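Novice: You'll find my_file-v1.txt just under this line, and it carries compact mmCIF, C-alpha atoms.
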```txt
# COMPACT_ATOMS: atom_id res chain seq x y z
CA VAL A 1 23.95 -75.16 -110.72
CA GLU A 2 22.48 -72.36 -112.80
CA MET A 3 20.61 -69.20 -111.77
CA PRO A 4 18.73 -67.95 -114.85
CA GLY A 5 16.97 -64.64 -114.32
CA GLY A 6 13.43 -65.00 -112.99
CA LYS A 7 13.66 -68.77 -112.65
CA GLY A 8 15.55 -69.15 -109.39
CA ILE A 9 18.13 -71.84 -108.68
CA THR A 10 18.23 -74.65 -111.25
CA VAL A 11 20.14 -77.94 -111.25
CA PRO A 12 20.05 -79.08 -114.90
CA ARG A 13 20.93 -82.71 -114.13
CA PRO A 14 19.32 -83.67 -110.82
CA LEU A 15 20.06 -87.06 -109.28
CA THR A 16 17.80 -89.72 -110.77
CA GLY A 17 18.18 -92.35 -108.07
CA PRO A 18 20.54 -94.10 -105.63
CA GLU A 19 22.82 -95.47 -108.35
CA ASP A 20 23.20 -92.03 -109.89
CA PHE A 21 23.97 -90.62 -106.44
CA ARG A 22 26.74 -93.16 -105.81
CA GLU A 23 28.26 -92.59 -109.26
CA ARG A 24 28.28 -88.80 -109.19
CA ILE A 25 28.61 -87.59 -105.58
CA PRO A 26 31.99 -87.97 -103.84
CA LYS A 27 32.14 -88.98 -100.18
CA THR A 28 34.15 -85.89 -99.27
CA ILE A 29 34.51 -82.44 -100.84
CA ASP A 30 37.35 -79.97 -100.37
CA VAL A 31 35.55 -76.64 -99.99
CA GLN A 32 38.83 -74.71 -100.04
CA GLU A 33 39.31 -75.98 -103.59
CA LYS A 34 35.75 -76.14 -104.92
CA LEU A 35 34.50 -72.93 -103.28
CA SER A 36 37.70 -70.90 -103.20
CA HIS A 37 36.00 -68.08 -105.14
CA VAL A 38 33.47 -67.64 -102.32
CA ILE A 39 36.15 -67.60 -99.64
CA SER A 40 38.12 -65.01 -101.62
CA SER A 41 34.98 -62.91 -101.98
CA VAL A 42 34.33 -62.99 -98.23
CA LYS A 43 37.87 -61.73 -97.60
CA LEU A 44 37.41 -58.93 -100.12
CA ILE A 45 34.01 -57.89 -98.72
CA LYS A 46 35.38 -57.90 -95.18
CA LYS A 47 38.19 -55.60 -96.26
CA GLU A 48 35.84 -53.24 -98.09
CA LEU A 49 33.45 -53.03 -95.11
CA ASP A 50 36.36 -51.83 -92.97
CA GLY A 51 34.53 -52.59 -89.73
CA LYS A 52 31.50 -50.40 -90.53
CA VAL A 53 28.97 -53.22 -90.16
CA PRO A 54 29.16 -56.93 -89.29
CA LEU A 55 29.50 -59.39 -92.15
CA ILE A 56 26.94 -62.22 -92.07
CA GLY A 57 28.05 -65.42 -93.77
CA PHE A 58 25.56 -67.83 -95.24
CA SER A 59 24.89 -71.37 -96.38
CA ALA A 60 21.86 -73.34 -97.37
CA ALA A 61 21.13 -76.19 -94.97
CA PRO A 62 21.52 -79.86 -95.98
CA TRP A 63 17.84 -80.59 -96.63
CA THR A 64 17.55 -77.57 -98.93
CA LEU A 65 20.66 -78.60 -100.83
CA MET A 66 19.34 -82.14 -101.19
CA TYR A 67 15.97 -80.81 -102.34
CA TYR A 68 17.60 -79.09 -105.31
CA MET A 69 19.98 -81.96 -106.02
CA VAL A 70 17.16 -84.46 -106.49
CA GLY A 71 14.40 -82.16 -107.77
CA GLY A 72 16.33 -79.69 -109.88
CA THR A 73 14.26 -76.60 -109.11
CA SER A 74 11.80 -75.09 -106.67
CA LYS A 75 9.24 -74.55 -109.44
CA ILE A 76 8.47 -78.18 -110.34
CA ASN A 77 9.17 -81.65 -108.91
CA GLN A 78 8.45 -80.22 -105.45
CA GLU A 79 7.59 -83.66 -104.08
CA GLU A 80 10.84 -85.28 -105.21
CA GLY A 81 12.85 -84.56 -102.07
CA GLU A 82 10.23 -86.01 -99.73
CA ARG A 83 9.88 -88.99 -102.06
CA TRP A 84 13.59 -89.70 -101.68
CA LEU A 85 13.26 -89.61 -97.91
CA GLN A 86 10.44 -92.16 -98.04
CA GLU A 87 11.67 -94.46 -100.82
CA HIS A 88 15.45 -94.23 -100.39
CA PRO A 89 15.95 -93.44 -96.69
CA ALA A 90 19.46 -94.91 -96.42
CA GLU A 91 20.78 -93.09 -99.48
CA ALA A 92 18.97 -89.90 -98.46
CA GLN A 93 20.62 -90.04 -95.04
CA GLU A 94 24.02 -90.69 -96.59
CA LEU A 95 23.59 -87.70 -98.90
CA LEU A 96 22.49 -85.49 -95.99
CA ASP A 97 25.53 -86.60 -93.99
CA ILE A 98 27.85 -85.63 -96.86
CA LEU A 99 26.12 -82.28 -97.22
CA THR A 100 26.27 -81.62 -93.48
CA ALA A 101 30.04 -82.07 -93.50
CA VAL A 102 30.31 -79.73 -96.50
CA VAL A 103 28.18 -77.06 -94.84
CA VAL A 104 30.28 -77.20 -91.66
CA ASP A 105 33.54 -76.87 -93.61
CA TYR A 106 32.11 -74.18 -95.91
CA THR A 107 30.70 -71.98 -93.16
CA SER A 108 33.80 -72.48 -91.03
CA ALA A 109 35.93 -71.31 -93.95
CA GLN A 110 33.77 -68.20 -94.29
CA ILE A 111 34.31 -67.42 -90.61
CA ASP A 112 38.05 -67.92 -91.00
CA ALA A 113 37.88 -65.50 -93.95
CA GLY A 114 36.23 -62.81 -91.83
CA ALA A 115 32.50 -63.48 -91.45
CA ASP A 116 31.35 -62.16 -88.07
CA MET A 117 28.29 -64.40 -87.79
CA MET A 118 26.83 -67.27 -89.77
CA GLN A 119 23.32 -68.05 -90.98
CA ILE A 120 22.07 -71.52 -91.90
CA PHE A 121 19.16 -71.20 -94.31
CA GLU A 122 16.69 -74.10 -94.54
CA ALA A 123 14.83 -72.52 -97.43
CA MET A 124 12.71 -75.51 -98.43
CA GLY A 125 10.86 -76.19 -95.18
CA ASP A 126 7.58 -75.94 -97.09
CA PHE A 127 8.41 -79.12 -98.99
CA ILE A 128 9.18 -81.54 -96.18
CA SER A 129 6.68 -83.03 -93.77
CA LYS A 130 6.98 -82.10 -90.12
CA GLU A 131 7.80 -85.72 -89.26
CA SER A 132 10.55 -85.85 -91.88
CA PHE A 133 11.85 -82.45 -90.80
CA TYR A 134 12.51 -83.69 -87.29
CA LYS A 135 13.86 -87.03 -88.50
CA TYR A 136 16.18 -85.76 -91.23
CA ALA A 137 16.61 -81.97 -91.34
CA MET A 138 16.80 -81.12 -87.64
CA PRO A 139 19.67 -83.53 -86.80
CA CYS A 140 21.73 -81.94 -89.58
CA MET A 141 21.19 -78.45 -88.17
CA GLN A 142 21.97 -79.66 -84.67
CA LYS A 143 25.24 -81.17 -85.88
CA ILE A 144 26.15 -77.99 -87.78
CA GLN A 145 25.58 -75.87 -84.70
CA LYS A 146 27.58 -78.19 -82.47
CA GLN A 147 30.58 -78.42 -84.78
CA LEU A 148 30.66 -74.72 -85.61
CA ARG A 149 30.44 -73.85 -81.91
CA GLU A 150 33.39 -76.16 -81.23
CA ARG A 151 35.45 -74.55 -84.00
CA HIS A 152 34.34 -70.95 -83.40
CA PRO A 153 33.10 -70.63 -79.80
CA ASP A 154 32.33 -66.90 -79.91
CA VAL A 155 30.68 -66.58 -83.33
CA PRO A 156 26.89 -66.03 -83.29
CA LEU A 157 24.91 -68.57 -85.28
CA LEU A 158 21.64 -67.76 -87.03
CA VAL A 159 19.11 -70.17 -88.51
CA PHE A 160 16.13 -69.68 -90.85
CA PRO A 161 13.78 -72.67 -91.38
CA ARG A 162 11.49 -71.00 -93.90
CA GLY A 163 8.17 -72.82 -93.99
CA ALA A 164 9.10 -74.78 -90.86
CA THR A 165 9.13 -72.09 -88.19
CA TYR A 166 7.22 -74.48 -85.93
CA ALA A 167 10.78 -75.59 -85.07
CA LEU A 168 12.09 -72.23 -83.83
CA VAL A 169 11.91 -73.16 -80.14
CA ASP A 170 13.70 -76.45 -80.83
CA LEU A 171 16.38 -74.62 -82.81
CA GLN A 172 16.85 -72.32 -79.83
CA GLN A 173 17.46 -75.43 -77.72
CA ALA A 174 19.87 -76.65 -80.42
CA GLY A 175 22.02 -73.65 -79.48
CA TYR A 176 21.33 -71.15 -82.25
CA ASP A 177 21.71 -67.54 -81.14
CA VAL A 178 19.21 -65.98 -83.55
CA VAL A 179 16.17 -67.69 -85.07
CA THR A 180 14.46 -66.26 -88.13
CA MET A 181 10.75 -65.89 -88.77
CA ASP A 182 9.21 -66.16 -92.23
CA THR A 183 6.38 -63.86 -93.29
CA ASN A 184 3.68 -66.13 -91.85
CA THR A 185 5.23 -66.48 -88.39
CA ALA A 186 3.33 -64.92 -85.48
CA ARG A 187 5.67 -62.31 -84.05
CA ALA A 188 4.65 -61.69 -80.45
CA ALA A 189 3.74 -65.34 -79.90
CA THR A 190 7.16 -66.43 -81.12
CA ARG A 191 8.98 -63.99 -78.85
CA GLU A 192 6.85 -65.22 -75.93
CA ALA A 193 7.41 -68.91 -76.76
CA LEU A 194 11.19 -68.46 -76.90
CA ALA A 195 11.22 -66.65 -73.55
CA LYS A 196 9.03 -69.27 -71.90
CA ASP A 197 11.16 -72.10 -73.25
CA ALA A 198 14.41 -70.45 -72.14
CA GLN A 199 13.01 -69.98 -68.64
CA ALA A 200 12.07 -73.66 -68.45
CA GLN A 201 15.37 -74.93 -69.87
CA THR A 202 18.47 -72.80 -70.40
CA PRO A 203 19.44 -72.87 -74.08
CA PRO A 204 23.08 -73.69 -74.92
CA ASN A 205 23.52 -70.50 -76.97
CA LEU A 206 26.00 -67.71 -76.33
CA ARG A 207 23.80 -65.64 -74.03
CA LYS A 208 22.28 -68.67 -72.25
CA GLY A 209 18.87 -67.12 -72.72
CA PRO A 210 16.14 -66.49 -75.27
CA ALA A 211 17.42 -66.41 -78.83
CA GLY A 212 17.33 -63.17 -80.74
CA LEU A 213 14.85 -62.84 -83.57
CA GLN A 214 15.25 -61.98 -87.25
CA GLY A 215 12.49 -61.05 -89.69
CA ASN A 216 9.81 -60.72 -90.83
CA PHE A 217 8.65 -57.74 -92.90
CA ASP A 218 6.35 -58.66 -95.79
CA VAL A 219 8.34 -58.19 -98.99
CA LYS A 220 5.12 -57.72 -100.98
CA LEU A 221 4.83 -54.20 -99.57
CA LEU A 222 8.06 -53.29 -101.34
CA LYS A 223 6.98 -54.27 -104.85
CA GLU A 224 6.88 -51.48 -107.37
CA GLY A 225 3.35 -50.15 -107.80
CA GLU A 226 1.90 -52.14 -104.89
CA GLY A 227 2.92 -50.15 -101.83
CA SER A 228 3.52 -46.60 -100.69
CA LYS A 229 6.09 -45.05 -98.38
CA ALA A 230 3.36 -44.40 -95.82
CA GLU A 231 2.32 -48.06 -95.88
CA VAL A 232 5.92 -49.24 -95.57
CA GLU A 233 6.56 -46.93 -92.62
CA ALA A 234 3.35 -48.02 -90.89
CA ALA A 235 4.16 -51.71 -91.41
CA ALA A 236 7.70 -51.21 -90.10
CA ALA A 237 6.31 -49.49 -87.01
CA ALA A 238 3.84 -52.33 -86.44
CA MET A 239 6.62 -54.93 -86.72
CA LEU A 240 8.79 -53.09 -84.20
CA GLU A 241 5.86 -52.63 -81.82
CA GLU A 242 5.22 -56.38 -81.85
CA LEU A 243 8.83 -57.53 -81.63
CA GLY A 244 10.49 -54.69 -79.78
CA PRO A 245 13.45 -52.70 -81.12
CA GLN A 246 16.20 -54.76 -79.50
CA ARG A 247 17.48 -58.35 -79.76
CA LEU A 248 16.07 -58.11 -83.26
CA ILE A 249 17.63 -58.18 -86.72
CA ALA A 250 14.93 -56.36 -88.67
CA ASN A 251 14.74 -58.12 -91.99
CA LEU A 252 12.34 -59.49 -94.56
CA GLY A 253 10.23 -62.61 -94.08
CA GLU A 254 11.19 -63.82 -97.57
CA GLY A 255 13.89 -62.96 -100.07
CA LEU A 256 13.80 -60.10 -102.52
CA THR A 257 12.17 -60.99 -105.84
CA GLY A 258 13.83 -58.40 -108.09
CA LYS A 259 10.54 -56.53 -108.55
CA GLU A 260 10.98 -54.22 -105.57
CA ASP A 261 10.94 -50.43 -105.77
CA PRO A 262 14.37 -49.19 -104.59
CA GLU A 263 12.74 -46.13 -103.03
CA LEU A 264 10.46 -48.33 -100.93
CA VAL A 265 13.41 -50.49 -99.86
CA ALA A 266 15.27 -47.35 -98.80
CA CYS A 267 12.15 -46.17 -96.97
CA LEU A 268 12.02 -49.45 -95.04
CA VAL A 269 15.66 -49.17 -93.97
CA ASP A 270 15.26 -45.53 -92.95
CA SER A 271 11.99 -46.24 -91.12
CA ILE A 272 13.48 -49.10 -89.11
CA HIS A 273 16.41 -46.93 -88.03
CA SER A 274 14.33 -43.88 -87.11
CA ILE A 275 11.48 -45.75 -85.39
CA SER A 276 13.75 -48.10 -83.43
CA ASP A 277 16.00 -45.22 -82.31
CA LYS A 278 12.94 -43.38 -81.02
CA MET A 279 11.57 -46.47 -79.27
CA ILE A 280 14.90 -47.23 -77.58
CA ALA A 281 15.26 -43.62 -76.42
CA GLU A 282 11.73 -43.58 -75.02
CA ARG A 283 12.25 -46.88 -73.18
CA SER A 284 15.56 -45.71 -71.76
CA ALA A 285 13.93 -42.53 -70.49
CA VAL A 286 11.45 -44.53 -68.40
CA GLY A 287 14.00 -47.15 -67.36
CA VAL A 288 12.69 -50.02 -69.51
```
Please render this file's structure as structure tokens.
Specialist:
Amino acid sequence: VEMPGGKGITVPRPLTGPEDFRERIPKTIDVQEKLSHVISSVKLIKKELDGKVPLIGFSAAPWTLMYYMVGGTSKINQEEGERWLQEHPAEAQELLDILTAVVVDYTSAQIDAGADMMQIFEAMGDFISKESFYKYAMPCMQKIQKQLRERHPDVPLLVFPRGATYALVDLQQAGYDVVTMDTNTARAATREALAKDAQAQTPPNLRKGPAGLQGNFDVKLLKEGEGSKAEVEAAAAAMLEELGPQRLIANLGEGLTGKEDPELVACLVDSIHSISDKMIAERSAVGV
């Protein structure tokens, strides 16, 4: 895997077909050996944080990993992952099963190293059909949740199906504690749908109620030369008005691009803190 500047994640030699998969991909992978540098980094970061803020661990989800392994990049060959699902379903499922086991071991190792909560990031939801998502991607995320909950019963689990946020209610029922909205996700409607679903059927998450939300500020407003502090503050206020200031991890709807203005990013952080503090105080004063 390579990460050249401005080009995103790149796999120089993607899998060419089932035979290539069987020749190159082992059935099991020792994450303590292959990813020891990540585990060591988590321990170091945890020590440096010194309890000031929670440490969120992270892993891509199996479908996203497979997408890169067979397509090589997010820029081209975007149909390759779905093609594998349709033309090589048995091998695709076998690969997803291997990756699911790796993700469970990898995220579990991060928790053992000090991560306070864990996010599963299905970044490539835009490039899988809804039917295939529920057939292939969703079972992997359900299995990850189940096994992590068994290993770490008190650790909150977050999930972000970017481009597939139609599945947020189902991921709540899979037991995830926080579900993440991308930029295009309707905020108030999502909060309402999660509450309605939890009332109809108690989710198996830690609070046995509606999942918390994460997201979904538009990163475009932070780009240098394209936004102002006043616009960022107004957009932050609008997001908090729609979602409420609690049971929310205020975050972006997409990842940073590297073209953001640091002053606007700082303005967003400061605005979220000041506006949410004011909203919480006002609600407490009237008993809400």
Novice: Could you tell me which of A:Ile98, A:Glu91, A:Leu35, A:Glu150 comes closest to Gln110 in chain A if we count all atoms listed in the file?
Specialist: A:Leu35
Novice: Rounded to one decimal in Å, what is the spacing between CA of Asn251 in chain A and CA of Asn184 in chain A?
Specialist: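 Taking CA of Asn251 in chain A as the start and CA of Asn184 in chain A as the end point, the length is 13.7 Å.
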Novice: Tell me, as a ChimeraX atom specification, which residues lie within 8 Å of Tyr136 in chain A, counting all atoms listed in the file; anything in the same chain fewer than 2 positions away does not count.
Specialist: /A:63,93,96,132-134,138-140
Novice: Give as a PDB file with C-alpha atoms, keeping the file's coordinate frame the set of residues within 6 Å of the point (23.0, -80.4, -93.4), where distances use the file's coordinates and all atoms listed in the file.
Specialist:
```pdb
ATOM      1  CA  ALA A  61      21.130 -76.190 -94.970  1.00  0.00           C
ATOM      2  CA  PRO A  62      21.520 -79.860 -95.980  1.00  0.00           C
ATOM      3  CA  LEU A  96      22.490 -85.490 -95.990  1.00  0.00           C
ATOM      4  CA  LEU A  99      26.120 -82.280 -97.220  1.00  0.00           C
ATOM      5  CA  THR A 100      26.270 -81.620 -93.480  1.00  0.00           C
ATOM      6  CA  CYS A 140      21.730 -81.940 -89.580  1.00  0.00           C
ATOM      7  CA  MET A 141      21.190 -78.450 -88.170  1.00  0.00           C
TER       8      MET A 141
END
```
Novice: For Val169 in chain A, which residue among A:Leu213, A:Leu148, A:Ala113, A:Ala266 is the nearest when counting all atoms listed in the file?
Specialist: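 Checking each candidate against Val169 in chain A, we get A:Leu213 as the closest.
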